[in-house]
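This is protein-v8.cif. It holds mmCIF, C-alpha atoms.
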```cif
data_data
loop_
_atom_site.label_atom_id
_atom_site.label_comp_id
_atom_site.auth_asym_id
_atom_site.auth_seq_id
_atom_site.Cartn_x
_atom_site.Cartn_y
_atom_site.Cartn_z
CA MET A 1 10.15 13.87 -20.06
CA SER A 2 12.81 13.61 -17.41
CA PHE A 3 13.82 15.65 -14.42
CA GLY A 4 15.99 15.25 -11.40
CA LEU A 5 15.65 16.14 -7.81
CA MET A 6 18.59 16.11 -5.41
CA LEU A 7 17.96 15.41 -1.77
CA ALA A 8 20.42 15.15 1.08
CA LEU A 9 19.74 12.28 3.44
CA GLY A 10 21.24 11.09 6.66
CA SER A 11 21.25 10.74 10.47
CA ALA A 12 23.50 11.44 13.41
CA ALA A 13 23.10 7.86 14.56
CA LEU A 14 24.52 6.56 11.31
CA ALA A 15 26.84 9.46 10.51
CA GLU A 16 30.06 7.50 11.06
CA ARG A 17 28.81 4.56 8.96
CA SER A 18 27.48 6.90 6.29
CA ALA A 19 30.75 8.78 5.96
CA ALA A 20 32.54 5.53 5.25
CA ALA A 21 29.93 4.32 2.78
CA ASP A 22 31.09 3.65 -0.74
CA PHE A 23 28.49 5.17 -3.06
CA SER A 24 29.46 5.55 -6.71
CA GLY A 25 29.82 9.23 -7.59
CA GLY A 26 29.03 10.11 -3.98
CA VAL A 27 25.30 9.71 -4.61
CA VAL A 28 22.58 7.04 -4.71
CA ARG A 29 20.56 7.44 -7.91
CA ILE A 30 17.04 6.04 -8.18
CA GLY A 31 15.02 6.14 -11.38
CA ILE A 32 11.21 6.20 -11.33
CA VAL A 33 9.90 5.19 -14.75
CA ASN A 34 6.20 4.83 -15.50
CA ASP A 35 3.30 6.28 -17.47
CA GLN A 36 3.33 9.95 -16.42
CA SER A 37 0.42 11.24 -18.49
CA GLY A 38 -1.38 8.40 -20.29
CA PRO A 39 -4.07 5.82 -19.46
CA LEU A 40 -2.11 4.30 -16.53
CA SER A 41 -0.87 7.56 -15.02
CA ASP A 42 -3.51 8.02 -12.29
CA LEU A 43 -2.73 4.73 -10.57
CA ALA A 44 1.03 5.42 -10.43
CA GLY A 45 2.43 8.29 -12.54
CA PRO A 46 3.30 11.51 -10.71
CA GLY A 47 1.89 10.02 -7.51
CA SER A 48 4.64 7.42 -7.49
CA VAL A 49 7.20 10.23 -7.60
CA ILE A 50 5.55 11.81 -4.58
CA ALA A 51 5.62 8.45 -2.79
CA ALA A 52 9.34 8.09 -3.53
CA LYS A 53 9.95 11.62 -2.24
CA LEU A 54 8.13 10.79 1.01
CA ALA A 55 10.27 7.66 1.41
CA VAL A 56 13.39 9.79 1.03
CA GLU A 57 12.00 12.31 3.51
CA ASP A 58 11.42 9.59 6.11
CA PHE A 59 14.82 8.05 5.46
CA GLN A 60 16.36 11.48 6.03
CA LYS A 61 15.41 11.24 9.68
CA ALA A 62 17.91 8.40 10.09
CA THR A 63 20.68 9.24 7.62
CA PRO A 64 21.83 12.87 7.16
CA ASP A 65 24.90 12.62 4.95
CA ILE A 66 23.92 10.48 1.98
CA LYS A 67 22.90 12.18 -1.23
CA VAL A 68 20.02 10.65 -3.17
CA GLU A 69 18.99 11.71 -6.64
CA ILE A 70 15.56 10.74 -7.94
CA ILE A 71 15.25 10.81 -11.73
CA VAL A 72 11.86 10.51 -13.39
CA ALA A 73 10.88 9.51 -16.92
CA ASP A 74 7.74 8.69 -18.90
CA HIS A 75 7.92 5.44 -20.89
CA GLN A 76 4.58 6.24 -22.60
CA ASN A 77 3.62 2.54 -22.25
CA LYS A 78 6.05 1.70 -25.06
CA PRO A 79 8.61 -1.06 -24.42
CA ASP A 80 11.20 0.44 -26.79
CA ILE A 81 11.04 3.84 -25.10
CA GLY A 82 11.21 2.27 -21.64
CA ALA A 83 14.21 0.18 -22.67
CA GLN A 84 16.02 3.22 -24.12
CA ILE A 85 15.46 5.24 -20.97
CA VAL A 86 16.66 2.55 -18.60
CA ARG A 87 19.67 1.60 -20.74
CA LYS A 88 20.82 5.23 -20.76
CA TRP A 89 20.21 5.52 -17.04
CA PHE A 90 22.44 2.51 -16.36
CA ASP A 91 25.12 3.22 -18.98
CA VAL A 92 25.40 7.01 -18.85
CA ASP A 93 23.57 8.49 -15.88
CA GLY A 94 24.79 6.19 -13.11
CA VAL A 95 21.35 5.11 -11.92
CA ASP A 96 21.67 2.43 -9.25
CA MET A 97 18.05 1.22 -9.00
CA VAL A 98 14.84 1.60 -11.01
CA ALA A 99 11.39 1.45 -9.40
CA ASP A 100 7.73 1.28 -10.38
CA VAL A 101 7.46 0.64 -14.21
CA GLY A 102 3.72 -0.12 -14.08
CA ASN A 103 3.35 -1.79 -17.49
CA SER A 104 4.00 -5.49 -18.09
CA ALA A 105 5.27 -5.15 -21.65
CA VAL A 106 7.70 -2.41 -20.62
CA ALA A 107 8.73 -4.44 -17.58
CA LEU A 108 9.68 -7.45 -19.71
CA ALA A 109 11.87 -5.20 -21.88
CA ILE A 110 13.52 -3.61 -18.84
CA GLN A 111 14.01 -6.93 -17.05
CA SER A 112 16.50 -8.22 -19.63
CA ILE A 113 18.49 -4.97 -19.58
CA ALA A 114 18.70 -4.95 -15.78
CA ARG A 115 19.79 -8.60 -15.83
CA ASP A 116 22.57 -7.87 -18.33
CA LYS A 117 23.73 -4.73 -16.50
CA ASN A 118 23.39 -6.33 -13.02
CA LYS A 119 21.14 -3.52 -11.81
CA ILE A 120 18.15 -3.68 -9.46
CA VAL A 121 14.60 -3.03 -10.68
CA ILE A 122 11.71 -3.08 -8.19
CA TYR A 123 8.30 -3.49 -9.82
CA SER A 124 5.02 -2.25 -8.38
CA ALA A 125 1.99 -2.36 -10.70
CA VAL A 126 3.32 -5.05 -13.03
CA GLY A 127 0.95 -7.97 -13.39
CA THR A 128 2.53 -10.48 -15.73
CA THR A 129 3.58 -13.66 -13.95
CA GLU A 130 6.52 -13.94 -16.38
CA ILE A 131 8.57 -11.45 -14.32
CA GLY A 132 8.53 -13.82 -11.35
CA GLY A 133 8.31 -16.93 -13.54
CA LYS A 134 10.11 -17.84 -16.75
CA GLN A 135 11.70 -14.38 -17.05
CA CYS A 136 12.64 -13.97 -13.39
CA SER A 137 16.01 -12.44 -12.67
CA ARG A 138 18.22 -12.12 -9.63
CA THR A 139 17.94 -8.32 -9.87
CA GLY A 140 14.21 -8.01 -10.61
CA LEU A 141 12.05 -7.73 -7.47
CA MET A 142 8.22 -7.91 -7.39
CA TRP A 143 7.04 -5.63 -4.59
CA LEU A 144 3.27 -5.37 -5.15
CA HIS A 145 1.54 -8.21 -7.02
CA ASP A 146 1.34 -10.41 -10.05
CA ASN A 147 -1.69 -11.73 -11.87
CA TYR A 148 -1.82 -14.92 -9.80
CA ASN A 149 -2.17 -12.87 -6.59
CA LEU A 150 -4.92 -10.81 -8.21
CA VAL A 151 -7.11 -13.55 -9.64
CA ALA A 152 -6.59 -16.89 -7.88
CA GLY A 153 -8.43 -16.13 -4.64
CA SER A 154 -11.30 -14.17 -6.14
CA VAL A 155 -11.89 -16.62 -9.02
CA ARG A 156 -12.03 -19.57 -6.62
CA LYS A 157 -14.38 -17.74 -4.26
CA LEU A 158 -16.80 -16.77 -7.04
CA VAL A 159 -16.74 -20.26 -8.58
CA SER A 160 -17.63 -21.70 -5.17
CA GLN A 161 -20.66 -19.37 -5.15
CA GLY A 162 -21.90 -20.78 -8.46
CA TYR A 163 -20.31 -18.29 -10.87
CA ASP A 164 -18.88 -21.06 -13.03
CA SER A 165 -18.88 -19.51 -16.53
CA TRP A 166 -16.72 -16.51 -17.45
CA PHE A 167 -16.09 -14.20 -20.39
CA PHE A 168 -13.08 -11.85 -20.50
CA ILE A 169 -12.61 -8.34 -21.87
CA ALA A 170 -8.90 -7.69 -21.69
CA ALA A 171 -6.16 -5.25 -22.67
CA ASP A 172 -4.22 -6.49 -25.68
CA TYR A 173 -0.68 -6.50 -24.31
CA ALA A 174 1.42 -8.66 -22.01
CA PHE A 175 -0.56 -7.86 -18.84
CA GLY A 176 -4.06 -8.53 -20.20
CA ARG A 177 -3.17 -11.70 -22.08
CA ASN A 178 -1.31 -13.10 -19.10
CA MET A 179 -4.18 -12.29 -16.71
CA VAL A 180 -6.68 -14.09 -18.93
CA GLU A 181 -4.35 -17.09 -19.22
CA VAL A 182 -3.91 -17.30 -15.43
CA SER A 183 -7.67 -16.87 -14.86
CA GLN A 184 -8.54 -19.61 -17.33
CA ARG A 185 -6.08 -21.95 -15.66
CA VAL A 186 -7.65 -21.33 -12.23
CA LEU A 187 -11.15 -21.78 -13.72
CA ALA A 188 -10.16 -25.12 -15.23
CA GLU A 189 -8.79 -26.28 -11.87
CA GLY A 190 -12.20 -25.50 -10.34
CA LYS A 191 -14.14 -27.30 -13.11
CA ALA A 192 -15.50 -23.95 -14.32
CA LYS A 193 -15.59 -22.68 -17.90
CA SER A 194 -14.16 -19.82 -19.89
CA LEU A 195 -16.63 -18.98 -22.67
CA GLY A 196 -14.23 -16.72 -24.51
CA ALA A 197 -12.09 -13.61 -24.42
CA VAL A 198 -11.74 -10.46 -26.52
CA PHE A 199 -8.74 -8.14 -26.44
CA HIS A 200 -8.76 -4.37 -26.97
CA PRO A 201 -5.89 -1.93 -27.67
CA LEU A 202 -4.38 0.08 -24.82
CA GLY A 203 -6.25 3.38 -24.54
CA ASN A 204 -9.30 2.13 -26.48
CA ALA A 205 -12.35 4.43 -26.29
CA ASP A 206 -15.25 2.39 -27.69
CA TYR A 207 -16.06 -0.95 -26.02
CA GLY A 208 -19.48 -1.48 -27.55
CA SER A 209 -18.59 -4.50 -29.69
CA PHE A 210 -16.67 -6.12 -26.85
CA LEU A 211 -19.57 -5.69 -24.43
CA LEU A 212 -22.05 -7.12 -26.94
CA GLN A 213 -19.86 -10.19 -27.37
CA ALA A 214 -19.72 -10.60 -23.61
CA GLN A 215 -23.49 -10.28 -23.38
CA ALA A 216 -24.03 -12.79 -26.19
CA SER A 217 -21.79 -15.34 -24.45
CA LYS A 218 -24.37 -15.62 -21.62
CA ALA A 219 -21.47 -16.12 -19.21
CA LYS A 220 -22.39 -15.61 -15.56
CA VAL A 221 -19.31 -13.41 -15.05
CA VAL A 222 -17.85 -10.76 -17.32
CA ALA A 223 -14.29 -10.20 -16.12
CA PHE A 224 -12.29 -7.12 -17.04
CA ALA A 225 -8.54 -7.69 -17.36
CA ASN A 226 -7.59 -4.05 -17.81
CA ALA A 227 -7.05 -1.08 -15.54
CA GLY A 228 -6.87 2.68 -15.26
CA GLU A 229 -8.62 4.71 -17.92
CA GLN A 230 -9.56 1.54 -19.80
CA LEU A 231 -11.52 0.04 -16.90
CA VAL A 232 -13.17 3.38 -16.17
CA THR A 233 -14.37 3.77 -19.75
CA VAL A 234 -15.63 0.21 -20.20
CA MET A 235 -17.54 0.29 -16.90
CA LYS A 236 -19.25 3.54 -17.86
CA GLN A 237 -20.27 1.94 -21.14
CA TRP A 238 -21.44 -1.18 -19.26
CA HIS A 239 -23.97 1.10 -17.57
CA GLU A 240 -24.83 2.94 -20.81
CA PHE A 241 -25.68 -0.41 -22.43
CA GLY A 242 -27.92 -1.27 -19.47
CA MET A 243 -25.83 -4.30 -18.58
CA ASN A 244 -25.73 -3.18 -14.96
CA VAL A 245 -29.35 -4.32 -14.57
CA GLY A 246 -28.77 -7.66 -16.29
CA THR A 247 -27.90 -11.00 -14.76
CA GLN A 248 -24.20 -11.01 -15.59
CA LYS A 249 -21.81 -10.16 -12.78
CA PRO A 250 -18.97 -7.72 -13.62
CA VAL A 251 -15.62 -8.43 -11.99
CA ALA A 252 -12.63 -6.08 -12.11
CA GLU A 253 -9.63 -8.39 -11.97
CA LEU A 254 -7.39 -5.37 -11.47
CA MET A 255 -8.83 -2.15 -10.10
CA PHE A 256 -7.23 0.74 -8.31
CA LEU A 257 -8.68 3.36 -5.98
CA THR A 258 -8.24 6.01 -8.65
CA ASP A 259 -10.34 3.93 -11.06
CA VAL A 260 -13.26 3.96 -8.60
CA HIS A 261 -12.86 7.69 -8.09
CA ALA A 262 -12.82 8.35 -11.84
CA MET A 263 -15.86 6.24 -12.72
CA GLY A 264 -17.84 7.28 -9.64
CA VAL A 265 -19.16 5.11 -6.83
CA GLU A 266 -22.58 4.80 -8.46
CA THR A 267 -20.96 3.10 -11.45
CA ALA A 268 -18.44 1.10 -9.43
CA LYS A 269 -20.69 -0.03 -6.54
CA GLY A 270 -20.56 -3.76 -5.92
CA LEU A 271 -17.43 -4.33 -8.01
CA THR A 272 -14.97 -6.64 -6.29
CA THR A 273 -11.22 -6.75 -6.68
CA VAL A 274 -8.10 -7.92 -4.88
CA THR A 275 -5.59 -5.38 -3.60
CA ALA A 276 -2.33 -5.60 -1.70
CA TRP A 277 -2.94 -2.40 0.24
CA TYR A 278 -5.60 0.18 1.04
CA TRP A 279 -5.06 3.57 2.65
CA ALA A 280 -7.91 3.11 5.20
CA LEU A 281 -6.80 -0.24 6.62
CA ASN A 282 -5.51 1.12 9.93
CA ASP A 283 -4.14 4.20 11.69
CA GLU A 284 -0.70 3.88 10.06
CA THR A 285 -2.06 3.64 6.54
CA ARG A 286 -4.44 6.53 7.19
CA ALA A 287 -1.55 8.68 8.42
CA PHE A 288 0.39 8.03 5.22
CA GLY A 289 -2.74 8.71 3.21
CA ALA A 290 -3.13 12.11 4.85
CA ARG A 291 0.51 13.07 4.13
CA PHE A 292 0.23 11.92 0.54
CA TYR A 293 -3.10 13.71 -0.01
CA LYS A 294 -1.63 17.07 1.01
CA LEU A 295 0.85 16.81 -1.86
CA HIS A 296 -1.22 15.01 -4.51
CA LYS A 297 -4.87 15.88 -3.71
CA ALA A 298 -5.76 12.20 -4.04
CA MET A 299 -5.36 9.28 -1.70
CA PRO A 300 -2.52 6.85 -2.51
CA THR A 301 -3.09 3.71 -4.54
CA ALA A 302 -1.50 0.36 -3.72
CA PRO A 303 1.23 0.85 -6.39
CA GLN A 304 2.14 4.24 -4.95
CA ALA A 305 2.39 2.80 -1.44
CA ALA A 306 4.54 0.00 -2.84
CA VAL A 307 6.91 2.53 -4.43
CA TYR A 308 7.30 4.24 -1.05
CA SER A 309 8.13 0.92 0.61
CA ALA A 310 10.50 -0.24 -2.15
CA VAL A 311 12.50 2.99 -2.21
CA LEU A 312 12.76 3.14 1.58
CA GLN A 313 13.85 -0.50 1.83
CA TYR A 314 16.43 -0.09 -0.94
CA LEU A 315 17.96 2.95 0.80
CA ARG A 316 18.04 1.16 4.15
CA ALA A 317 19.73 -1.82 2.52
CA ALA A 318 22.31 0.39 0.79
CA VAL A 319 23.23 2.03 4.09
CA ALA A 320 23.42 -1.36 5.81
CA ALA A 321 25.69 -2.61 3.01
CA GLY A 322 27.77 0.58 3.05
CA THR A 323 27.65 0.69 -0.75
CA ASP A 324 25.34 0.93 -3.74
CA GLU A 325 27.03 -2.07 -5.38
CA THR A 326 24.18 -4.28 -6.60
CA ASN A 327 25.18 -7.64 -5.13
CA ALA A 328 25.86 -6.23 -1.68
CA VAL A 329 22.57 -4.31 -1.61
CA LEU A 330 20.62 -7.35 -2.83
CA ASP A 331 22.09 -9.45 -0.04
CA LYS A 332 20.88 -6.92 2.52
CA MET A 333 17.45 -6.60 0.91
CA ARG A 334 16.98 -10.36 1.17
CA ALA A 335 18.23 -10.46 4.75
CA MET A 336 16.22 -7.50 6.06
CA PRO A 337 12.46 -7.87 6.60
CA VAL A 338 10.25 -5.09 5.27
CA ASP A 339 8.67 -3.39 8.26
CA ASP A 340 6.61 -0.36 7.34
CA PHE A 341 2.95 0.65 6.94
CA TYR A 342 2.87 -1.14 3.58
CA ALA A 343 3.92 -4.55 4.91
CA ARG A 344 4.97 -5.85 8.31
CA GLY A 345 7.64 -8.52 8.58
CA ALA A 346 7.50 -9.25 4.85
CA ARG A 347 10.47 -10.92 3.15
CA LEU A 348 11.63 -11.60 -0.36
CA ARG A 349 11.34 -15.27 -1.19
CA ALA A 350 13.56 -17.23 -3.57
CA ASP A 351 11.73 -16.06 -6.72
CA ASN A 352 12.18 -12.40 -5.66
CA LYS A 353 8.55 -11.76 -4.72
CA LEU A 354 7.88 -9.79 -1.57
CA VAL A 355 5.47 -12.03 0.35
CA HIS A 356 2.67 -10.11 2.05
CA ASP A 357 -1.08 -10.26 2.67
CA PHE A 358 -3.79 -9.27 0.19
CA TYR A 359 -7.39 -8.13 0.63
CA LEU A 360 -10.57 -8.97 -1.23
CA VAL A 361 -12.51 -5.71 -1.32
CA GLU A 362 -15.88 -4.54 -2.62
CA VAL A 363 -16.85 -1.02 -3.65
CA LYS A 364 -19.37 0.51 -1.23
CA LYS A 365 -22.78 1.82 -2.14
CA PRO A 366 -22.82 5.62 -2.47
CA ALA A 367 -24.84 6.02 0.76
CA ASP A 368 -22.16 4.12 2.68
CA VAL A 369 -19.27 6.38 1.66
CA LYS A 370 -18.89 8.62 4.70
CA THR A 371 -15.32 9.82 4.08
CA PRO A 372 -13.87 11.05 0.76
CA TRP A 373 -11.90 8.29 -1.02
CA ASP A 374 -13.01 5.63 1.50
CA TYR A 375 -14.59 3.48 -1.19
CA TYR A 376 -13.90 -0.10 -0.12
CA ASN A 377 -15.37 -2.61 2.27
CA VAL A 378 -12.78 -5.25 3.10
CA VAL A 379 -14.55 -8.56 2.48
CA GLU A 380 -11.71 -10.73 3.71
CA LYS A 381 -7.99 -10.78 4.28
CA ILE A 382 -6.06 -13.22 2.10
CA PRO A 383 -3.05 -14.40 4.13
CA ALA A 384 0.32 -14.32 2.38
CA ALA A 385 0.54 -18.10 2.64
CA ASP A 386 -2.58 -18.41 0.45
CA ALA A 387 -1.97 -15.51 -1.92
CA PHE A 388 1.11 -16.69 -3.82
CA LEU A 389 1.75 -19.41 -6.35
CA PRO A 390 3.59 -22.18 -4.45
CA LEU A 391 7.31 -22.22 -5.13
CA SER A 392 6.96 -25.86 -6.11
CA GLU A 393 4.91 -24.71 -9.13
CA SER A 394 7.16 -21.80 -10.07
CA GLU A 395 9.02 -21.70 -13.38
CA CYS A 396 11.61 -19.21 -12.10
CA PRO A 397 15.11 -20.27 -13.24
CA LEU A 398 16.57 -19.00 -9.97
CA LEU A 399 14.91 -21.88 -8.16
CA LYS A 400 16.45 -24.45 -10.47
CA THR A 401 19.87 -22.94 -9.87
CA SER A 402 19.42 -23.02 -6.10
CA ARG A 403 18.30 -26.65 -6.20
CA ASN A 404 21.29 -27.83 -8.22
#
```

Would you kindly transcribe this structure into structure tokens?
Amino acid sequence: MSFGLMLALGSAALAERSAAADFSGGVVRIGIVNDQSGPLSDLAGPGSVIAAKLAVEDFQKATPDIKVEIIVADHQNKPDIGAQIVRKWFDVDGVDMVADVGNSAVALAIQSIARDKNKIVIYSAVGTTEIGGKQCSRTGLMWLHDNYNLVAGSVRKLVSQGYDSWFFIAADYAFGRNMVEVSQRVLAEGKAKSLGAVFHPLGNADYGSFLLQAQASKAKVVAFANAGEQLVTVMKQWHEFGMNVGTQKPVAELMFLTDVHAMGVETAKGLTTVTAWYWALNDETRAFGARFYKLHKAMPTAPQAAVYSAVLQYLRAAVAAGTDETNAVLDKMRAMPVDDFYARGARLRADNKLVHDFYLVEVKKPADVKTPWDYYNVVEKIPAADAFLPLSESECPLLKTSRN
């Protein structure tokens, strides 16, 4: 599925600069590719398109004469389909930048194409550390998180509280396997143990055998390295099996607001997770949440907020560069701090990760939910300096090049 939407952007203040801008074909083309209707569609999907549209709308207040075309496609969580879409966008359709993606396996396929074509891709809900590690590319930007951000702080905190044995139920593709690997590495650093891991297909419906293996392991923590519909289903079955009244602690290593909404607060209560953004953090985030809700009838997730920020920053950088030529826009994106409701004063570091704060959150008890969609208590803020793998430990080839 693919459709286009043409929007005119611009501003009197930048009219003279805009008129002189060199945009190929007279238009800036942005492609939003993600899961539009499958198990990962609630957390990004059509909502990411709405977020991109709101970014364009806000940019319009400053730049009246630049045309922006947003093209949308569904990769169906299949790397070959995602690669075909993006290759055609770059080769035939004149797309300048791709955003979102939302699936690690698809992201790894797209990353190599964007590298070869010298085109920018900005990832939101992509967890694999490979994108910012061994497979990092000059044109691939991580705007939201990777698996290190998601697990390092929470694993260390729980281990310090005595939760020193873990069992993993994970999605059987690049994201889930990478998240388990990263978690096991952090556990080993803390002298804690991984008692095993089982991997299920994407979109699996019956988790009974996986839950029984987790129960038999007698691990203190059962960690779920999946998301979206998968996490919702397995947590419902956790309750059906009566494991919610047992001694094992469930931990959602990746959970989105839409997951909590889908499974219900009664099922999700007490679950902890790490998130880069939450709509109820402050007045600015609440204001965006209200705008988004009017269009989508759901509050925005962290990936959807990240898409807004990424699209807005890309457009600002293109105007500042006076062109949509990749190298010029990248230079501006690295030079300009991100300063919006998603992140304040955040910058891209040498491995192309946008460095920002994270939050350890816990799902409220049903009685404590006073406002629709306000499901989280913020347990603690994780400063950017503590949230990211140190550059000294990074395997990103860009760092080796810069050091030589």

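In terms of minimum interatomic distance to A:Tyr293, A:Gly47 ranks closest within A:Gly132, A:Gly47, A:Pro390, A:Gly26, counting all atoms listed in the file.
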
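If you measure from each of A:Thr233, A:Ser165, A:Ser41, A:Ser394 to A:Thr258 using only C-alpha atoms, the closest one turns out to be A:Ser41.
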
Q: Take the PyMOL selection byres ((chain A and resi 202-219) around 10), apply it to the structure above, and return the hits as JSON, numbers by chain.
A: {"A": [38, 39, 40, 77, 163, 164, 165, 166, 167, 168, 169, 170, 171, 172, 173, 176, 193, 194, 195, 196, 197, 198, 199, 200, 201, 220, 221, 222, 223, 226, 227, 228, 229, 230, 231, 233, 234, 235, 236, 237, 238, 240, 241, 243, 246, 247, 248, 249]}

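For the pair atom CA of A:Lys381 and atom CA of A:Ala310, the interatomic distance is 22.2 Å.
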
Q: Given the file shown, determine the residues that the PyMOL selection byres ((chain A and resi 261) around 12) selects; report them as a ChimeraX atom specification.
A: /A:42-43,228-229,231-232,255-260,262-269,298-301,363-364,366,369,372-376

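The coordinates place atom CA of A:Val98 at 7.2 Å from atom CA of A:Val33.
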
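Considering all atoms listed in the file, the residue among A:Ser160, A:Asn282, A:Ser37, A:Ser48 positioned nearest to A:Ala306 is A:Ser48.
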
Q | Shell of 12 Å around A:Leu141, all atoms listed in the file, local chain residues under 5 positions omitted, as a ChimeraX atom specification | A | /A:97-101,107,111,114-115,119-126,131-133,135-136,146,306-307,310-311,313-314,330,333-334,347-355

Q) atom CA of A:Phe358 to atom CA of A:Tyr278: how many Å, to one decimal? A) 9.7 Å

Once you add 4 Å to each side, what are the centre and edge lengths of the axis-aligned box holding all listed atoms of stretch 114-129 of chain A? One decimal in Å, as AutoDock Vina command-line options, if you can.
```
--center_x 12.3 --center_y -8.0 --center_z -13.3 --size_x 30.8 --size_y 19.4 --size_z 18.1
```

**Q.** Result set, the PyMOL selection byres ((chain A and resi 96) around 7) on current file, as number ranges by chain
**A.** A: 28-30, 94-95, 97, 119, 324

Q: Identify which of the residues A:Ala343, A:Cys396, A:Ile382, A:Val155 lies closest to A:Leu360, counting all atoms listed in the file when measuring atom-to-atom distances.
A: A:Ile382

Q: Taking the point (8.5, -7.5, -25.2) as given in the file, collect each protein or nucleic acid residue that comes within 12 Å of it, counting all atoms listed in the file, and present the set as a ChimeraX atom specification.
A: /A:77-83,103-113,128,130-131,135,173-175

Q) Do you know which residues are at most 9 Å from A:Glu325 counting only C-alpha atoms, after dropping those on the same chain fewer than 2 positions away, and could you put them as a PyMOL selection string? A) chain A and resi 22-24+96+119+318+321-323+327-330
